[in-house]
Amino acid sequence: MECENCGQSLDRGVLVLPWEDGDNPMAYVRCPYCGHRNTVYGYGEDDD
């Protein structure tokens, strides 16, 4: 998986689950190079 912003690999990025940081309804991986939040669709969201 590559960063949507800088194109670098997200292999060393940090996965943040939905609502883990208080205001993110979707999971994302923070790029270790530029800090961009890359949304991970279909990972742990509510089924409603």
# chains A, B, ... in the order shown; residues from 1 in each chain; ligands from 1
>>> residues_around(residues="Val40 (chain A)", least_positions_apart="5", cutoff="8 Å", atoms="only C-alpha atoms", output="MDAnalysis selection string")
chainID A and resid 26:29
>>> residues_around(residues="Tyr33 (chain A)", least_positions_apart="6", cutoff="12 Å", atoms="only C-alpha atoms", output="ChimeraX atom specification")
/A:2-14
>>> atom_distance(atom1="CA of His36 (chain A)", atom2="CA of Met1 (chain A)")
13.4 Å
>>> atom_distance(atom1="CA of Tyr43 (chain A)", atom2="CA of Leu17 (chain A)")
7.9 Å
>>> select_by_dssp(residues="chain A", states="strand (DSSP E or B)", output="ChimeraX atom specification")
/A:2,9,14-16,27-30,37-40
>>> atom_distance(atom1="CA of Leu15 (chain A)", atom2="CA of Arg30 (chain A)")
6.6 Å
